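Enquirer: So that you have it, the file is target-v3.cif, and it contains mmCIF, C-alpha atoms:
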data_structure
#
loop_
_atom_site.label_atom_id
_atom_site.label_comp_id
_atom_site.auth_asym_id
_atom_site.auth_seq_id
_atom_site.Cartn_x
_atom_site.Cartn_y
_atom_site.Cartn_z
CA MET A 138 -35.91 10.50 -20.74
CA ILE A 139 -34.72 12.99 -18.13
CA ASN A 140 -36.79 11.36 -15.40
CA SER A 141 -35.49 7.92 -16.39
CA ARG A 142 -31.91 9.19 -16.21
CA ARG A 143 -32.51 10.70 -12.80
CA VAL A 144 -34.06 7.47 -11.54
CA ARG A 145 -31.05 5.47 -12.71
CA ARG A 146 -28.65 7.96 -11.14
CA TRP A 147 -30.61 7.96 -7.86
CA THR A 148 -30.74 4.15 -7.86
CA SER A 149 -27.00 3.94 -8.53
CA ASN A 150 -26.20 6.37 -5.71
CA LEU A 151 -28.52 4.47 -3.39
CA MET A 152 -26.83 1.14 -4.14
CA VAL A 153 -23.37 2.65 -3.68
CA GLY A 154 -24.52 4.01 -0.33
CA VAL A 155 -25.93 0.64 0.70
CA VAL A 156 -22.68 -1.13 -0.25
CA GLY A 157 -20.65 1.47 1.64
CA LEU A 158 -22.86 1.03 4.69
CA THR A 159 -22.47 -2.74 4.63
CA VAL A 160 -18.68 -2.33 4.40
CA LEU A 161 -18.72 -0.07 7.45
CA ILE A 162 -20.89 -2.55 9.34
CA GLY A 163 -18.49 -5.33 8.37
CA ILE A 164 -15.35 -3.56 9.62
CA LEU A 165 -17.00 -1.99 12.67
CA PRO A 166 -16.45 -5.07 14.89
CA LEU A 167 -12.74 -5.00 13.99
CA PHE A 168 -12.39 -1.38 15.06
CA LEU A 169 -14.39 -2.05 18.22
CA ILE A 170 -12.11 -4.95 19.12
CA LEU A 171 -8.95 -2.97 18.42
CA GLY A 172 -10.31 0.05 20.28
CA THR A 173 -11.24 -2.01 23.32
CA LEU A 174 -7.84 -3.69 23.41
CA VAL A 175 -6.03 -0.37 23.10
CA VAL A 176 -8.11 1.27 25.85
CA LYS A 177 -7.79 -1.64 28.29
CA GLY A 178 -4.35 -2.97 27.39
CA ALA A 179 -2.16 -0.15 26.11
CA GLY A 180 -1.63 1.30 29.59
CA SER A 181 0.01 -1.93 30.74
CA LEU A 182 2.60 -2.03 27.96
CA ASN A 183 6.05 -1.14 29.19
CA LEU A 184 9.58 -2.50 28.99
CA ALA A 185 9.02 -4.87 31.91
CA PHE A 186 5.97 -6.37 30.20
CA PHE A 187 8.12 -7.54 27.28
CA LEU A 188 11.28 -8.49 29.17
CA GLU A 189 10.11 -10.01 32.46
CA THR A 190 8.32 -13.21 33.40
CA PRO A 191 5.14 -13.17 35.55
CA ALA A 192 5.42 -11.90 39.10
CA PRO A 193 4.38 -14.21 41.97
CA VAL A 194 0.68 -14.34 42.80
CA GLY A 195 -0.35 -11.34 44.85
CA GLU A 196 2.42 -9.08 43.58
CA THR A 197 2.15 -6.44 40.87
CA GLY A 198 4.39 -6.03 37.88
CA GLY A 199 6.01 -8.68 35.78
CA GLY A 200 5.40 -9.43 32.13
CA VAL A 201 4.80 -12.11 29.54
CA ALA A 202 8.22 -12.50 27.97
CA HIS A 203 7.88 -16.27 28.37
CA ALA A 204 4.61 -16.26 26.38
CA ILE A 205 6.01 -14.07 23.60
CA VAL A 206 9.05 -16.32 23.17
CA GLY A 207 6.84 -19.41 23.33
CA THR A 208 4.51 -18.07 20.64
CA LEU A 209 7.38 -17.28 18.29
CA LEU A 210 8.97 -20.70 18.77
CA ILE A 211 5.77 -22.74 18.49
CA VAL A 212 4.55 -20.87 15.40
CA ALA A 213 8.00 -20.99 13.78
CA VAL A 214 8.26 -24.77 14.18
CA ALA A 215 4.68 -25.14 12.94
CA CYS A 216 5.57 -23.13 9.83
CA LEU A 217 8.64 -25.30 9.20
CA MET A 218 6.39 -28.36 9.23
CA GLY A 219 3.19 -27.02 7.67
CA LEU A 220 4.20 -24.56 4.96
CA PRO A 221 6.32 -26.89 2.77
CA ILE A 222 3.68 -29.63 2.90
CA GLY A 223 0.80 -27.25 2.20
CA LEU A 224 2.57 -25.49 -0.66
CA ALA A 225 3.68 -28.75 -2.28
CA ALA A 226 0.22 -30.28 -1.97
CA GLY A 227 -1.41 -27.17 -3.42
CA ILE A 228 0.95 -27.04 -6.40
CA HIS A 229 0.40 -30.74 -7.13
CA ALA A 230 -3.38 -30.42 -6.87
CA ALA A 231 -3.38 -27.47 -9.30
CA GLU A 232 -0.90 -28.89 -11.80
CA PHE A 233 -2.37 -32.41 -11.81
CA PRO A 234 -6.06 -31.80 -10.99
CA GLY A 235 -7.44 -35.01 -12.45
CA THR A 236 -5.38 -37.57 -10.56
CA ARG A 237 -6.79 -39.66 -7.74
CA LEU A 238 -4.17 -38.29 -5.35
CA SER A 239 -5.18 -34.71 -6.12
CA ARG A 240 -8.89 -35.43 -5.66
CA ALA A 241 -8.25 -37.25 -2.39
CA THR A 242 -5.96 -34.48 -1.12
CA ARG A 243 -8.51 -31.82 -2.03
CA PHE A 244 -11.29 -33.69 -0.25
CA LEU A 245 -9.20 -34.22 2.89
CA ALA A 246 -8.19 -30.55 2.92
CA ASP A 247 -11.83 -29.46 2.77
CA VAL A 248 -12.69 -31.82 5.63
CA MET A 249 -9.76 -30.55 7.70
CA ASN A 250 -10.71 -26.92 7.09
CA GLY A 251 -14.10 -27.64 8.65
CA THR A 252 -12.73 -29.58 11.60
CA PRO A 253 -12.89 -27.73 14.96
CA SER A 254 -9.45 -26.84 16.27
CA ILE A 255 -10.14 -28.57 19.57
CA VAL A 256 -10.51 -31.87 17.70
CA VAL A 257 -7.09 -31.31 16.16
CA GLY A 258 -5.78 -30.64 19.66
CA VAL A 259 -7.17 -33.96 20.90
CA PHE A 260 -5.62 -35.71 17.90
CA ALA A 261 -2.21 -34.16 18.63
CA TRP A 262 -2.54 -35.10 22.28
CA THR A 263 -3.26 -38.72 21.36
CA TRP A 264 -0.46 -39.15 18.85
CA VAL A 265 2.24 -36.86 20.28
CA VAL A 266 1.67 -36.00 23.94
CA ALA A 267 0.49 -39.45 25.01
CA ARG A 268 3.38 -41.13 23.20
CA GLN A 269 5.97 -38.72 24.60
CA GLY A 270 4.51 -38.99 28.05
CA HIS A 271 4.48 -35.23 28.63
CA PHE A 272 3.24 -31.96 27.17
CA SER A 273 5.55 -29.96 24.91
CA GLY A 274 5.76 -26.99 22.61
CA LEU A 275 6.58 -29.42 19.81
CA ALA A 276 3.21 -31.10 20.24
CA GLY A 277 1.61 -27.66 20.00
CA SER A 278 3.52 -27.01 16.77
CA VAL A 279 2.26 -30.29 15.33
CA ALA A 280 -1.34 -29.33 16.14
CA LEU A 281 -0.94 -25.88 14.59
CA ALA A 282 0.76 -27.36 11.52
CA LEU A 283 -2.22 -29.68 11.01
CA LEU A 284 -4.47 -26.62 11.01
CA MET A 285 -2.16 -24.75 8.65
CA ILE A 286 -1.64 -27.40 5.97
CA PRO A 287 -5.20 -27.52 4.51
CA MET A 288 -5.51 -23.72 4.49
CA VAL A 289 -2.20 -23.27 2.69
CA MET A 290 -2.95 -26.13 0.34
CA ARG A 291 -6.32 -24.81 -0.86
CA THR A 292 -5.06 -21.22 -1.13
CA THR A 293 -2.03 -22.34 -3.11
CA GLU A 294 -4.16 -24.40 -5.46
CA GLU A 295 -6.48 -21.50 -6.25
CA LEU A 296 -3.58 -19.12 -6.85
CA ILE A 297 -1.70 -21.56 -9.09
CA LEU A 298 -4.84 -22.04 -11.19
CA LEU A 299 -4.87 -18.29 -11.87
CA VAL A 300 -1.50 -18.45 -13.64
CA PRO A 301 -2.09 -18.36 -17.44
CA ASN A 302 -1.49 -21.64 -19.25
CA ALA A 303 0.54 -19.73 -21.84
CA LEU A 304 3.40 -19.49 -19.35
CA ARG A 305 3.40 -23.24 -18.85
CA GLU A 306 3.27 -23.90 -22.58
CA ALA A 307 6.12 -21.47 -23.24
CA ALA A 308 8.33 -23.06 -20.61
CA LEU A 309 7.60 -26.58 -21.86
CA ALA A 310 8.29 -25.47 -25.43
CA LEU A 311 11.72 -24.23 -24.32
CA GLY A 312 12.54 -27.67 -22.97
CA TYR A 313 11.72 -27.21 -19.29
CA SER A 314 10.55 -30.33 -17.49
CA ARG A 315 7.09 -30.36 -15.91
CA TRP A 316 8.37 -30.16 -12.33
CA ARG A 317 10.80 -27.36 -13.18
CA THR A 318 8.04 -25.42 -14.92
CA SER A 319 5.79 -25.75 -11.88
CA LEU A 320 8.44 -24.62 -9.39
CA THR A 321 10.44 -21.99 -11.29
CA ILE A 322 7.79 -20.48 -13.57
CA VAL A 323 4.31 -21.09 -12.20
CA ALA A 324 5.10 -20.89 -8.48
CA ARG A 325 7.33 -17.84 -8.94
CA THR A 326 4.61 -16.04 -10.87
CA ALA A 327 2.13 -16.68 -8.07
CA LEU A 328 4.69 -16.02 -5.30
CA PRO A 329 3.20 -12.74 -3.99
CA GLY A 330 -0.16 -14.43 -3.57
CA LEU A 331 1.42 -17.50 -2.02
CA VAL A 332 3.18 -15.32 0.54
CA THR A 333 -0.08 -13.56 1.38
CA GLY A 334 -1.93 -16.87 1.70
CA SER A 335 0.77 -18.26 3.94
CA LEU A 336 0.57 -15.17 6.12
CA LEU A 337 -3.18 -15.63 6.51
CA ALA A 338 -2.54 -19.17 7.69
CA VAL A 339 0.12 -17.96 10.15
CA ALA A 340 -2.24 -15.30 11.47
CA ARG A 341 -4.94 -17.94 11.91
CA ILE A 342 -2.82 -20.37 13.90
CA ALA A 343 -1.07 -17.70 15.98
CA GLY A 344 -4.27 -17.03 17.90
CA GLU A 345 -5.39 -20.63 18.39
CA THR A 346 -5.85 -21.59 22.04
CA ALA A 347 -7.69 -24.92 22.20
CA PRO A 348 -4.99 -27.04 20.48
CA LEU A 349 -2.30 -25.59 22.76
CA LEU A 350 -4.30 -26.42 25.89
CA PHE A 351 -4.04 -30.11 24.95
CA THR A 352 -0.42 -29.98 23.80
CA ALA A 353 1.83 -27.14 25.02
CA LEU A 354 -0.16 -26.83 28.30
CA GLY A 355 1.58 -23.60 29.36
CA SER A 356 4.26 -22.61 31.83
CA GLN A 357 5.09 -19.69 34.11
CA PHE A 358 8.79 -20.00 33.31
CA MET A 359 10.90 -18.98 30.34
CA ARG A 360 11.33 -22.02 28.10
CA THR A 361 13.20 -22.24 24.81
CA ASP A 362 13.21 -26.04 24.59
CA VAL A 363 10.25 -27.02 22.41
CA THR A 364 10.33 -30.55 23.80
CA GLN A 365 9.11 -29.20 27.15
CA PRO A 366 5.83 -27.55 28.21
CA MET A 367 5.87 -23.87 27.31
CA SER A 368 3.58 -20.89 27.30
CA ALA A 369 2.18 -18.86 24.41
CA LEU A 370 0.26 -15.61 24.17
CA PRO A 371 -3.15 -17.30 23.59
CA LEU A 372 -2.55 -19.51 26.63
CA ALA A 373 -1.51 -16.48 28.68
CA VAL A 374 -4.66 -14.60 27.66
CA PHE A 375 -6.82 -17.58 28.59
CA ALA A 376 -5.12 -18.17 31.94
CA TYR A 377 -5.07 -14.53 33.01
CA ALA A 378 -8.58 -13.70 31.76
CA THR A 379 -10.12 -16.56 33.74
CA GLY A 380 -8.05 -15.86 36.87
CA PRO A 381 -9.45 -14.22 40.02
CA TYR A 382 -6.92 -11.38 40.29
CA GLU A 383 -7.23 -7.90 38.80
CA GLU A 384 -3.52 -7.90 38.01
CA TRP A 385 -4.03 -11.00 35.88
CA HIS A 386 -6.89 -9.33 34.02
CA ARG A 387 -4.60 -6.41 33.24
CA LEU A 388 -2.01 -8.76 31.80
CA ALA A 389 -4.70 -10.55 29.79
CA TRP A 390 -5.80 -7.35 28.04
CA ALA A 391 -2.21 -6.36 27.33
CA SER A 392 -1.32 -9.83 26.06
CA ALA A 393 -4.30 -9.83 23.71
CA LEU A 394 -3.23 -6.45 22.35
CA VAL A 395 0.32 -7.66 21.78
CA LEU A 396 -0.95 -10.75 19.97
CA ILE A 397 -3.05 -8.65 17.61
CA LEU A 398 -0.21 -6.20 17.00
CA LEU A 399 2.23 -9.04 16.35
CA VAL A 400 0.05 -10.53 13.63
CA LEU A 401 -0.66 -7.09 12.15
CA PHE A 402 3.02 -6.13 12.09
CA LEU A 403 3.99 -9.41 10.43
CA SER A 404 1.31 -9.02 7.76
CA LEU A 405 2.19 -5.40 6.98
CA LEU A 406 5.94 -6.05 6.90
CA THR A 407 5.60 -9.00 4.53
CA ARG A 408 3.15 -7.21 2.25
CA LEU A 409 5.49 -4.23 1.98
CA ALA A 410 8.46 -6.49 1.24
CA THR A 411 6.44 -8.40 -1.37
CA ARG A 412 5.21 -5.22 -3.04
CA SER A 413 8.67 -3.69 -3.20
CA ARG A 414 10.15 -6.83 -4.76
CA PHE A 415 7.43 -7.74 -7.23
CA GLY A 416 5.74 -4.40 -7.80
CA SER A 417 7.63 -3.86 -11.03
CA HIS A 418 6.04 -6.99 -12.51
CA GLU A 419 2.46 -6.03 -11.66
#
Produce structure tokens that represent the structure in this file.
Expert:
Amino acid sequence: MINSRRVRRWTSNLMVGVVGLTVLIGILPLFLILGTLVVKGAGSLNLAFFLETPAPVGETGGGVAHAIVGTLLIVAVACLMGLPIGLAAGIHAAEFPGTRLSRATRFLADVMNGTPSIVVGVFAWTWVVARQGHFSGLAGSVALALLMIPMVMRTTEELILLVPNALREAALALGYSRWRTSLTIVARTALPGLVTGSLLAVARIAGETAPLLFTALGSQFMRTDVTQPMSALPLAVFAYATGPYEEWHRLAWASALVLILLVLFLSLLTRLATRSRFGSHE
């Protein structure tokens, strides 16, 4: 009996150790990436980096203010287009799972989730850039929104399905209509998860480069008009990393670090706001 108990305890400790080791192995690449970016890019972060546009070729200094502004504008417009559609489609698919529209939407979302981003970029180029006759930040937003919609839709559907049916039945029993129950009761109950899922989608599209190469193209100038070609942090990283100048490589490392920190800050800020608002209900 004693030996059997010791064997079980030893086996349990061994499995816990194995699981802990696999967790460390899983997060090790993340720390290596962050560490490399901090070592190679943190030294280039200063006020000029955030407030100035790139210096002429051959000169030192300058910054990526144009890329930071471009990223914020392109992602913001993509969110305005993609989030409402994705959330609405996800709620409909969860609340009416057996309809033909829901099954077709679910199938298309799964196909889109597996589609390479460069294919979406080509699609946006064909239907937006080619028809406009020029590249634009708006075309980049369309491409990013197409990537965002299926992710938000499937995440929303799974989160809505986790809401107990008792809440729906109680609301319907009180005289609420089906659409009002879905929006004011079900969606509000799942709101913290919906915010988190939306943030994951934003973080995903914020670092996409291939679709922007076919749509926004990039620019060395400060642009706030989304109907014109404009830069973004992923485009700046790509352009500077593949350039022949050491100064460009320095800006590439710093731009990559800023992109990671931007996504991290947004995620942490929203999670804290969500927890403070809904923590009393958990």
Enquirer: Restricting the calculation to all atoms listed in the file: of A:Ala226, A:Leu182, A:Val194, A:Leu161, which residue gets closest to A:Tyr377?
Expert: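 Among A:Ala226, A:Leu182, A:Val194, A:Leu161, it is A:Val194 that comes nearest to A:Tyr377.
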Enquirer: Counting only C-alpha atoms, I want the residues whose atoms come within 12 Å of (11.7, -31.0, 22.3) in the file frame, returned as a count of residues only.
Expert: 24
Enquirer: I want to know what sits within 10 Å of A:Leu336, based on all atoms listed in the file, with residues of the same chain fewer than 2 positions away left out; could you give that as a tab-separated table (two decimals) with C-alpha atoms, in the frame of the given file?
Expert:
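The resulting file, out.tsv, is reproduced below:
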chain	number	residue	atom	x	y	z
A	289	VAL	CA	-2.20	-23.27	2.69
A	330	GLY	CA	-0.16	-14.43	-3.57
A	331	LEU	CA	1.42	-17.50	-2.02
A	332	VAL	CA	3.18	-15.32	0.54
A	333	THR	CA	-0.08	-13.56	1.38
A	334	GLY	CA	-1.93	-16.87	1.70
A	338	ALA	CA	-2.54	-19.17	7.69
A	339	VAL	CA	0.12	-17.96	10.15
A	340	ALA	CA	-2.24	-15.30	11.47
A	341	ARG	CA	-4.94	-17.94	11.91
A	342	ILE	CA	-2.82	-20.37	13.90
A	400	VAL	CA	0.05	-10.53	13.63
A	403	LEU	CA	3.99	-9.41	10.43
A	404	SER	CA	1.31	-9.02	7.76
A	405	LEU	CA	2.19	-5.40	6.98
A	407	THR	CA	5.60	-9.00	4.53
A	408	ARG	CA	3.15	-7.21	2.25
Enquirer: Quick check, in Å to one decimal: how far apart do atom CA of A:Leu354 and atom CA of A:Val176 lie?
Expert: 29.3 Å
Enquirer: With the file shown as input, list the residues that the PyMOL selection byres ((chain A and resi 241-250) around 9) selects, as a PyMOL selection string.
Expert: chain A and resi 226-227+230+236-240+251-253+257+283-288+290-291
Enquirer: Taking into account all atoms listed in the file, which residue in the set A:Val156, A:Val201, A:Ala231, A:Leu281 is nearest to A:Ser368?
Expert: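 Checking each candidate against A:Ser368, we get A:Val201 as the closest.
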